[in-house]
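This report refers to the structure that appears directly beneath it.
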Amino acid sequence: LRYRNPIGIITKGALVARDAELLAELCRLTESWVYVSLAFSDNSLSALLEPNAPRPSTRLRALKALSDAGVRTGVALAPVIPGINDSEIPSILERAQEAGATRAFMTLLRLPEEVEEVFISRLSE
C-alpha cells in the first residue's frame, strides 16, 4: 500500500477476507484484483476432491466480504475437470456474480507427475 504497487491475488483460502479493508484501499489507489478459486459450487462434491480446502460456501462468503468492502474481485474456475465439474460452471459463475465478482477465468485440470497419483486416488475413493 505504501508503494501503491498493484497486486493480483488468486486463492482458494477464505482468510484473504480478513484484509478486506487494506485490499480495498489498495484497489482505490491501483489496479489490483483478488480472485477466489472455485472448482465446485456444491460443498459435498468439493469435500470429496478438495478435502483440505475451504468449502465453496465459505469461499463465496469471503468473495462477498471483499466485494462489499470495495475490492475488485473475480472467480477462478480451477481446475475444470471435464465430466466431473464442467456442468457446474454456470452455477459457479452465477453464485460468484451474486457475491460481487465481475471477472472470471478458467484453467483446465493438469496432472503433472507429482499430482496425478493423488488426484486419481481421490477420484477412485
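Chain labels run A, B, ... following the order of the C-alpha cells; each chain numbers its residues from 1, and ligands are numbered from 1 in the order shown.
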
Residues of region 20-47 of chain A within 10 Å of region 104-121 of chain A: nearest atom pair and distance (Å, one decimal) for each, counting only C-alpha atoms, sorted by chain and number, as CSV?
```
residue,atom,partner,partner_atom,distance
A:Tyr35,CA,A:Ala104,CA,8.1
A:Val36,CA,A:Ala104,CA,9.5
A:Ser37,CA,A:Met106,CA,9.2
A:Leu38,CA,A:Met106,CA,9.5
A:Ala39,CA,A:Met106,CA,9.2
```

Quiz item: Could you pull out the helix (DSSP H, G or I) residues of chain A from DSSP and send them as a ChimeraX atom specification?
Solution: /A:15-29,43-49,56-69,86-98,113-124

Quiz prompt | Non-local contacts of Asp68 (chain A) (12 Å; only C-alpha atoms; under 5 positions in same chain excluded) as a ChimeraX atom specification | solution = /A:17,20-21,23-24,61-63,73,98-101

Write the selection just made, keeping C-alpha atoms, as a compact mmCIF listing (two decimals), in the first residue's frame?
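Result file selection-v9.txt:
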```txt
# COMPACT_ATOMS: atom_id res chain seq x y z
CA ALA A 17 -11.20 -11.55 3.62
CA ALA A 20 -10.55 -6.58 3.04
CA GLU A 21 -10.02 -3.04 4.31
CA LEU A 23 -7.08 -4.52 -0.08
CA ALA A 24 -9.95 -2.10 -0.71
CA ARG A 61 -18.70 -15.53 1.70
CA ALA A 62 -15.10 -14.30 1.56
CA LEU A 63 -15.64 -13.13 -2.02
CA THR A 73 -12.98 -9.41 -7.32
CA GLU A 98 -24.09 -12.64 -6.74
CA ALA A 99 -21.08 -12.33 -4.41
CA GLY A 100 -19.79 -9.34 -6.40
CA ALA A 101 -17.28 -10.91 -8.80
```

Quiz item: Which neighbours of Ser32 (chain A) fall inside 9 Å, counting only C-alpha atoms, when residues of the same chain fewer than 5 positions from it are skipped, and could you give them as number ranges by chain?
Solution: A: 5-9, 23-24, 26-27, 71-73

Self-check item: Residue among A:Leu60, A:Ala96, A:Leu48, A:Val80 lying closest to Leu123 (chain A), counting only C-alpha atoms
Solution: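 Looking at the shortest contact to Leu123 (chain A), the residue is A:Leu48.
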
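Among the candidates A:Thr11, A:Asn52, A:Gln97, A:Ser87, the residue lying nearest to Phe40 (chain A) is A:Ser87 (atoms considered: only C-alpha atoms).
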